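Notes follow once the structure below has been shown.
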Amino acid sequence: MKRIIILYHSGVCNTKMVAEKALNELSPHFNTDIFSVEALPACLDFNQYDGMIIGFPTIHASPSPRMEAFMKGLERLEKPLPALLFSTCGLYSANALRIFAKMCILKNIIPVQSQSFRCAATDGTLLFPQWNFLFTHEKKLDEKVAKACSSFINTFKFNAIKARIPRFKLYSILNYPNKFMGKHLKFRIYLHKNKCIKCGQCIKNCPAGALVQDQENYPGFTKEKCENCYRCIHHCPKLALSLSKKKSPLRVLDDRTI
Ligand SMILES: Cc1cc2nc3c(=O)[nH]c(=O)nc-3n(C[C@H](O)[C@H](O)[C@H](O)COP(=O)(O)O)c2cc1C
């Protein structure tokens, strides 16, 4: 049986959810492993796989920095590995898949297919809680994932692997201010002490070590370490963390929405 690896980075959990849907689609046909880039076994050899699915959230019109860093650090594979690339996005993925496809080719990972999935926006939900559509995934997400997987499976029937780099989307120029600001500005995470119950969920879920317990057992924040994934805000059961000094969020993504 052929072996497939599903690799993802997920800031909050949309990308993880899509990766797990892909796992359900592929596991009846292939020997399939799934890993987050944050918990990748050190001895993992990518050369043992026949195919790859690789997913990341769109962050400021680019692949998530963590996924980019992973790809940059990866050693070039010995043989070409066909891959389905996917991104999740709150509105649109701009050229994130194109940027990432080019990075993959340098590592001998051949993007035979690329697909974006619109999911609940993890940033917009914090800034515009009144807009319900920012809290929802695209319609027919399951079907779209199944379709992408089945056409990826079909590529295994052919011997020749052909790289397909997504076209440059001209309208993504409209997103350049967002892209520029995102790369150069880092937002502060504020704690609303009156709401905090010191449960430590934010500290436990921070992938960057930007939150640590202070002397009073509140989460203390180090801006320089923060990756602005907002996982801490979405995991706070009391809405005690926010992007605003004055207001705590009205809504975050929770188990009902993701
Ligand atoms: C800091 C930040 C920047 C984002 N930038 C974009 C963007 O430029 N375009 C977009 O469509 N979605 C953007 N999003 C939304 C995420 O791409 C989207 O919600 C994604 O599904 C999150 O996946 P995750 O839960 O796996 O992290 C951004 C989210 C964050 C936290």
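Letters A, B, ... mark the chains of the structure tokens in the order given; residue numbers begin at 1 per chain; ligand numbers begin at 1, in order shown.
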Would you name the residues within 8 Å of ligand 1, counting only C-alpha atoms and all ligand atoms, and put them as number ranges by chain?
A: 9-17, 56-62, 87-94, 117-124, 175, 178-179, 182, 228-231
Selection file, C-alpha atoms, as an mmCIF file, in the first residue's frame:
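Saved result, again.cif, follows:
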```cif
data_model
loop_
_atom_site.group_PDB
_atom_site.id
_atom_site.type_symbol
_atom_site.label_atom_id
_atom_site.label_comp_id
_atom_site.auth_asym_id
_atom_site.auth_seq_id
_atom_site.Cartn_x
_atom_site.Cartn_y
_atom_site.Cartn_z
ATOM 1 C CA HIS A 9 0.278 23.996 10.573
ATOM 2 C CA SER A 10 -2.778 25.327 12.332
ATOM 3 C CA GLY A 11 -2.848 28.530 14.362
ATOM 4 C CA VAL A 12 -6.252 28.018 15.969
ATOM 5 C CA CYS A 13 -7.654 24.809 14.453
ATOM 6 C CA ASN A 14 -9.313 25.307 11.040
ATOM 7 C CA THR A 15 -6.382 23.874 9.130
ATOM 8 C CA LYS A 16 -6.178 20.945 11.520
ATOM 9 C CA MET A 17 -9.867 20.268 10.930
ATOM 10 C CA PHE A 56 -1.413 26.031 6.358
ATOM 11 C CA PRO A 57 -3.507 29.070 7.275
ATOM 12 C CA THR A 58 -3.241 32.201 5.142
ATOM 13 C CA ILE A 59 -1.645 34.856 7.306
ATOM 14 C CA HIS A 60 -1.531 38.339 5.806
ATOM 15 C CA ALA A 61 -1.868 36.993 2.266
ATOM 16 C CA SER A 62 1.075 34.602 2.738
ATOM 17 C CA SER A 87 -4.494 26.745 2.565
ATOM 18 C CA THR A 88 -7.355 27.848 4.750
ATOM 19 C CA CYS A 89 -8.347 31.496 4.722
ATOM 20 C CA GLY A 90 -10.885 33.809 6.287
ATOM 21 C CA LEU A 91 -11.656 35.704 3.086
ATOM 22 C CA TYR A 92 -9.264 34.750 0.317
ATOM 23 C CA SER A 93 -5.846 33.208 0.127
ATOM 24 C CA ALA A 94 -4.402 35.696 -2.408
ATOM 25 C CA PHE A 117 -10.764 26.459 1.731
ATOM 26 C CA ARG A 118 -12.610 29.393 3.270
ATOM 27 C CA CYS A 119 -13.003 28.862 6.986
ATOM 28 C CA ALA A 120 -14.056 30.961 9.952
ATOM 29 C CA ALA A 121 -11.676 33.934 10.153
ATOM 30 C CA THR A 122 -9.542 33.748 13.258
ATOM 31 C CA ASP A 123 -8.548 37.428 13.085
ATOM 32 C CA GLY A 124 -11.679 39.053 11.627
ATOM 33 C CA ASN A 175 -4.309 43.067 -0.301
ATOM 34 C CA ASN A 178 -2.616 44.136 4.707
ATOM 35 C CA LYS A 179 0.381 42.019 3.693
ATOM 36 C CA GLY A 182 1.117 42.139 8.807
ATOM 37 C CA ASN A 228 0.066 36.674 16.442
ATOM 38 C CA CYS A 229 -1.764 33.405 15.821
ATOM 39 C CA TYR A 230 -4.393 34.443 18.413
ATOM 40 C CA ARG A 231 -4.658 30.871 19.655
#
```
Can you list every residue in stretch 6-230 of chain A that DSSP puts in alpha helix (DSSP H), as a ChimeraX atom specification?
/A:14-26,65-73,96-106,124-127,141-155,176-184,201-205
Expressed in Å, the length from atom CA of A:Arg3 to atom CA of A:Met52 is 8.7 Å
What lies within 12 Å of A:Arg251 using only C-alpha atoms, ignoring chain neighbours under 3 positions off, as number ranges by chain?
A: 121-132, 134-135, 233-242, 247-248, 254, 256-257
Deliver the residues from the most recent selection as a file, using N, CA and C atoms, as an mmCIF file, in the first residue's frame.
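Generated file (part_26.cif):
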```cif
data_model
loop_
_atom_site.group_PDB
_atom_site.id
_atom_site.type_symbol
_atom_site.label_atom_id
_atom_site.label_comp_id
_atom_site.auth_asym_id
_atom_site.auth_seq_id
_atom_site.Cartn_x
_atom_site.Cartn_y
_atom_site.Cartn_z
ATOM 1 N N ALA A 121 -12.885 33.088 10.069
ATOM 2 C CA ALA A 121 -11.676 33.934 10.153
ATOM 3 C C ALA A 121 -11.241 34.068 11.602
ATOM 4 N N THR A 122 -9.999 33.714 11.867
ATOM 5 C CA THR A 122 -9.542 33.748 13.258
ATOM 6 C C THR A 122 -9.135 35.156 13.700
ATOM 7 N N ASP A 123 -8.885 36.039 12.733
ATOM 8 C CA ASP A 123 -8.548 37.428 13.085
ATOM 9 C C ASP A 123 -9.780 38.333 12.974
ATOM 10 N N GLY A 124 -10.505 38.206 11.856
ATOM 11 C CA GLY A 124 -11.679 39.053 11.627
ATOM 12 C C GLY A 124 -12.754 38.882 12.678
ATOM 13 N N THR A 125 -12.855 37.658 13.203
ATOM 14 C CA THR A 125 -13.869 37.390 14.221
ATOM 15 C C THR A 125 -13.619 38.225 15.477
ATOM 16 N N LEU A 126 -12.364 38.569 15.684
ATOM 17 C CA LEU A 126 -12.026 39.351 16.879
ATOM 18 C C LEU A 126 -12.304 40.834 16.657
ATOM 19 N N LEU A 127 -12.144 41.245 15.413
ATOM 20 C CA LEU A 127 -12.293 42.671 15.122
ATOM 21 C C LEU A 127 -13.715 43.036 14.714
ATOM 22 N N PHE A 128 -14.401 42.096 14.062
ATOM 23 C CA PHE A 128 -15.751 42.378 13.560
ATOM 24 C C PHE A 128 -16.734 41.292 14.019
ATOM 25 N N PRO A 129 -16.976 41.198 15.333
ATOM 26 C CA PRO A 129 -17.825 40.105 15.827
ATOM 27 C C PRO A 129 -19.267 40.184 15.316
ATOM 28 N N GLN A 130 -19.650 41.356 14.831
ATOM 29 C CA GLN A 130 -21.026 41.515 14.348
ATOM 30 C C GLN A 130 -21.250 40.856 12.991
ATOM 31 N N TRP A 131 -20.182 40.522 12.286
ATOM 32 C CA TRP A 131 -20.332 39.921 10.955
ATOM 33 C C TRP A 131 -20.328 38.402 11.072
ATOM 34 N N ASN A 132 -21.535 37.840 11.019
ATOM 35 C CA ASN A 132 -21.668 36.402 11.251
ATOM 36 C C ASN A 132 -20.927 35.545 10.238
ATOM 37 N N LEU A 134 -18.138 35.813 9.130
ATOM 38 C CA LEU A 134 -16.733 35.578 9.502
ATOM 39 C C LEU A 134 -16.591 34.397 10.470
ATOM 40 N N PHE A 135 -17.716 33.964 11.015
ATOM 41 C CA PHE A 135 -17.697 32.845 11.973
ATOM 42 C C PHE A 135 -17.997 31.503 11.319
ATOM 43 N N ILE A 233 -6.227 33.813 22.513
ATOM 44 C CA ILE A 233 -7.511 34.527 22.626
ATOM 45 C C ILE A 233 -8.664 33.552 22.393
ATOM 46 N N HIS A 234 -8.512 32.702 21.370
ATOM 47 C CA HIS A 234 -9.598 31.764 21.045
ATOM 48 C C HIS A 234 -9.741 30.655 22.087
ATOM 49 N N HIS A 235 -8.695 30.377 22.826
ATOM 50 C CA HIS A 235 -8.778 29.306 23.827
ATOM 51 C C HIS A 235 -9.174 29.805 25.213
ATOM 52 N N CYS A 236 -9.273 31.108 25.385
ATOM 53 C CA CYS A 236 -9.629 31.615 26.712
ATOM 54 C C CYS A 236 -11.112 31.380 26.981
ATOM 55 N N PRO A 237 -11.451 30.615 28.023
ATOM 56 C CA PRO A 237 -12.870 30.304 28.270
ATOM 57 C C PRO A 237 -13.660 31.511 28.773
ATOM 58 N N LYS A 238 -12.963 32.585 29.191
ATOM 59 C CA LYS A 238 -13.653 33.736 29.784
ATOM 60 C C LYS A 238 -13.544 35.004 28.938
ATOM 61 N N LEU A 239 -13.046 34.905 27.733
ATOM 62 C CA LEU A 239 -12.850 36.067 26.835
ATOM 63 C C LEU A 239 -12.053 37.167 27.553
ATOM 64 N N ALA A 240 -11.014 36.730 28.241
ATOM 65 C CA ALA A 240 -10.237 37.698 29.038
ATOM 66 C C ALA A 240 -9.039 38.268 28.282
ATOM 67 N N LEU A 241 -8.752 37.717 27.095
ATOM 68 C CA LEU A 241 -7.619 38.229 26.299
ATOM 69 C C LEU A 241 -8.166 38.899 25.056
ATOM 70 N N SER A 242 -7.515 39.992 24.654
ATOM 71 C CA SER A 242 -8.006 40.673 23.455
ATOM 72 C C SER A 242 -6.917 41.477 22.772
ATOM 73 N N LYS A 247 -11.386 46.939 25.376
ATOM 74 C CA LYS A 247 -12.497 45.986 25.271
ATOM 75 C C LYS A 247 -12.004 44.552 25.165
ATOM 76 N N SER A 248 -12.701 43.637 25.833
ATOM 77 C CA SER A 248 -12.404 42.217 25.618
ATOM 78 C C SER A 248 -13.327 41.736 24.490
ATOM 79 N N ASP A 254 -15.295 28.876 18.993
ATOM 80 C CA ASP A 254 -15.327 27.895 20.066
ATOM 81 C C ASP A 254 -15.720 26.536 19.494
ATOM 82 N N ARG A 256 -18.349 25.089 19.100
ATOM 83 C CA ARG A 256 -19.539 25.036 18.249
ATOM 84 C C ARG A 256 -19.203 25.456 16.815
ATOM 85 N N THR A 257 -18.241 26.326 16.684
ATOM 86 C CA THR A 257 -17.966 26.845 15.341
ATOM 87 C C THR A 257 -16.766 26.178 14.675
#
```
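Our summary of the geometry notes that atom CA of A:Gly200 is positioned 10.8 Å from atom CA of A:Gly220.
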Counting only C-alpha atoms, figure out which residue out of A:Asn31, A:Ser114, A:Asn108, A:Asn95 gets nearest to A:Ile54.
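Residue with the minimum atom-to-atom distance to A:Ile54: A:Ser114.
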Tell me, as an MDAnalysis selection string, which residues lie within 8 Å of stretch 224-227 of chain A, counting only C-alpha atoms; anything in the same chain fewer than 5 positions away does not count.
chainID A and resid 186 208:210
Got time to write the residues from that selection, N, CA and C atoms, as a short mmCIF file (atom, residue, chain, number, x, y, z; two decimals), in the first residue's frame?
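Written output follows (part-v5.cif):
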```cif
data_model
loop_
_atom_site.label_atom_id
_atom_site.label_comp_id
_atom_site.auth_asym_id
_atom_site.auth_seq_id
_atom_site.Cartn_x
_atom_site.Cartn_y
_atom_site.Cartn_z
N LYS A 186 3.41 44.12 14.80
CA LYS A 186 3.04 43.03 15.69
C LYS A 186 2.02 43.57 16.70
N ALA A 208 4.48 29.76 21.08
CA ALA A 208 5.73 30.51 21.00
C ALA A 208 6.33 30.84 22.36
N GLY A 209 5.68 30.45 23.41
CA GLY A 209 6.17 30.78 24.75
C GLY A 209 6.05 32.27 25.05
N ALA A 210 5.10 32.92 24.40
CA ALA A 210 4.95 34.37 24.60
C ALA A 210 4.15 34.70 25.86
#
```
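Near A:Lys21, within a cut-off of 9 Å and counting only C-alpha atoms, sit the residues Lys16, Met17, Glu25, Leu26, Asp142, Val145 and Ala146 of chain A, with same-chain residues fewer than 4 positions away left out.
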Using only C-alpha atoms, find each residue of stretch 122-215 of chain A with at least one atom at most 12 Å away from an atom of stretch 33-48 of chain A; report its shortest atom-to-atom pair and that distance in Å (one decimal), sort the rows by chain and rising residue number, and return the result as a Markdown table.
```
| residue | atom | partner | partner_atom | distance |
| --- | --- | --- | --- | --- |
| A:Asn205 | CA | A:Glu38 | CA | 11.8 |
| A:Cys206 | CA | A:Glu38 | CA | 11.4 |
| A:Pro207 | CA | A:Glu38 | CA | 8.0 |
| A:Ala208 | CA | A:Glu38 | CA | 10.3 |
```
I'd like the interatomic distance between atom CA of A:Phe86 and atom CA of A:Gly55, to a tenth of an Å.
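The value is 4.7 Å.
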Residues within 7 Å of A:Leu211, please, as JSON, numbers by chain. Count only C-alpha atoms; anything in the same chain fewer than 6 positions from it doesn't count.
{"A": [203, 219, 220, 221, 222]}
Would you output that residue set with C-alpha atoms, as a PDB file, in the first residue's frame?
```
ATOM      1  CA  ILE A 203      -0.211  29.700  28.432  1.00  0.00           C
ATOM      2  CA  PRO A 219      -0.452  35.253  32.130  1.00  0.00           C
ATOM      3  CA  GLY A 220       2.365  37.706  31.421  1.00  0.00           C
ATOM      4  CA  PHE A 221       2.853  38.634  27.769  1.00  0.00           C
ATOM      5  CA  THR A 222       6.119  39.085  25.810  1.00  0.00           C
TER       6      THR A 222
END
```
Every residue of stretch 82-232 of chain A that DSSP places in strand (DSSP E), as a CSV table (one decimal) with N, CA and C atoms, in the first residue's frame:
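Here's the written file states_22.csv:
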```
chain,number,residue,atom,x,y,z
A,82,PRO,N,5.0,13.9,-5.0
A,82,PRO,CA,3.8,14.7,-5.5
A,82,PRO,C,3.0,15.2,-4.3
A,83,ALA,N,2.5,16.4,-4.3
A,83,ALA,CA,1.8,17.0,-3.2
A,83,ALA,C,0.6,17.7,-3.5
A,84,LEU,N,-0.4,17.6,-2.7
A,84,LEU,CA,-1.6,18.5,-2.7
A,84,LEU,C,-1.4,19.6,-1.7
A,85,LEU,N,-1.3,20.8,-2.1
A,85,LEU,CA,-1.1,21.9,-1.2
A,85,LEU,C,-2.5,22.5,-0.9
A,86,PHE,N,-2.8,22.8,0.4
A,86,PHE,CA,-4.0,23.6,0.6
A,86,PHE,C,-3.7,24.7,1.7
A,87,SER,N,-4.5,25.7,1.5
A,87,SER,CA,-4.5,26.7,2.6
A,87,SER,C,-5.9,27.0,3.1
A,88,THR,N,-6.0,27.4,4.3
A,88,THR,CA,-7.4,27.8,4.8
A,88,THR,C,-7.3,29.4,4.9
A,89,CYS,N,-8.4,30.0,4.7
A,89,CYS,CA,-8.3,31.5,4.7
A,89,CYS,C,-9.7,32.0,5.3
A,109,ILE,N,9.5,18.8,-3.6
A,109,ILE,CA,8.1,18.5,-3.3
A,109,ILE,C,7.3,19.1,-4.5
A,110,ILE,N,6.6,18.3,-5.2
A,110,ILE,CA,6.0,18.7,-6.5
A,110,ILE,C,4.5,19.0,-6.3
A,111,PRO,N,4.1,20.3,-6.3
A,111,PRO,CA,2.7,20.6,-6.2
A,111,PRO,C,1.9,20.2,-7.4
A,112,VAL,N,1.2,19.1,-7.3
A,112,VAL,CA,0.4,18.6,-8.5
A,112,VAL,C,-1.0,19.3,-8.4
A,113,GLN,N,-1.4,19.8,-7.2
A,113,GLN,CA,-2.7,20.4,-7.1
A,113,GLN,C,-2.7,21.3,-5.9
A,114,SER,N,-3.4,22.4,-6.0
A,114,SER,CA,-3.5,23.4,-4.9
A,114,SER,C,-5.0,23.8,-4.7
A,115,GLN,N,-5.3,24.0,-3.4
A,115,GLN,CA,-6.7,24.3,-3.2
A,115,GLN,C,-6.8,25.1,-1.9
A,116,SER,N,-7.7,26.2,-1.9
A,116,SER,CA,-7.9,26.9,-0.7
A,116,SER,C,-9.3,26.6,-0.2
A,117,PHE,N,-9.5,26.7,1.1
A,117,PHE,CA,-10.8,26.5,1.7
A,117,PHE,C,-11.1,27.7,2.6
A,118,ARG,N,-12.3,28.2,2.4
A,118,ARG,CA,-12.6,29.4,3.3
A,118,ARG,C,-13.2,28.9,4.6
A,190,TYR,N,-3.8,42.0,25.1
A,190,TYR,CA,-4.1,42.6,26.4
A,190,TYR,C,-4.8,41.6,27.3
A,191,LEU,N,-4.6,41.6,28.6
A,191,LEU,CA,-5.3,40.8,29.5
A,191,LEU,C,-6.2,41.7,30.3
A,211,LEU,N,3.5,33.7,26.4
A,211,LEU,CA,2.7,33.9,27.6
A,211,LEU,C,3.3,33.0,28.7
A,212,VAL,N,3.6,33.6,29.8
A,212,VAL,CA,4.1,32.8,31.0
A,212,VAL,C,3.5,33.3,32.3
A,213,GLN,N,3.3,32.5,33.2
A,213,GLN,CA,2.7,32.9,34.5
A,213,GLN,C,3.5,33.9,35.2
A,219,PRO,N,-1.4,35.4,33.3
A,219,PRO,CA,-0.5,35.3,32.1
A,219,PRO,C,0.3,36.6,31.8
A,220,GLY,N,1.6,36.5,31.8
A,220,GLY,CA,2.4,37.7,31.4
A,220,GLY,C,2.8,37.6,30.0
A,221,PHE,N,2.7,38.7,29.2
A,221,PHE,CA,2.9,38.6,27.8
A,221,PHE,C,4.2,39.2,27.3
```
Give the answer as one residue: which of A:Leu170, A:Asn24, A:Leu81, A:Phe180 has the shortest atom-to-atom distance to A:Thr155, using only C-alpha atoms?
A:Leu81
Best match for closeness to A:Lys79 among A:Tyr49, A:Phe30, A:Phe133, A:Tyr171, counting only C-alpha atoms:
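Closest residue, counting only C-alpha atoms: A:Tyr49.
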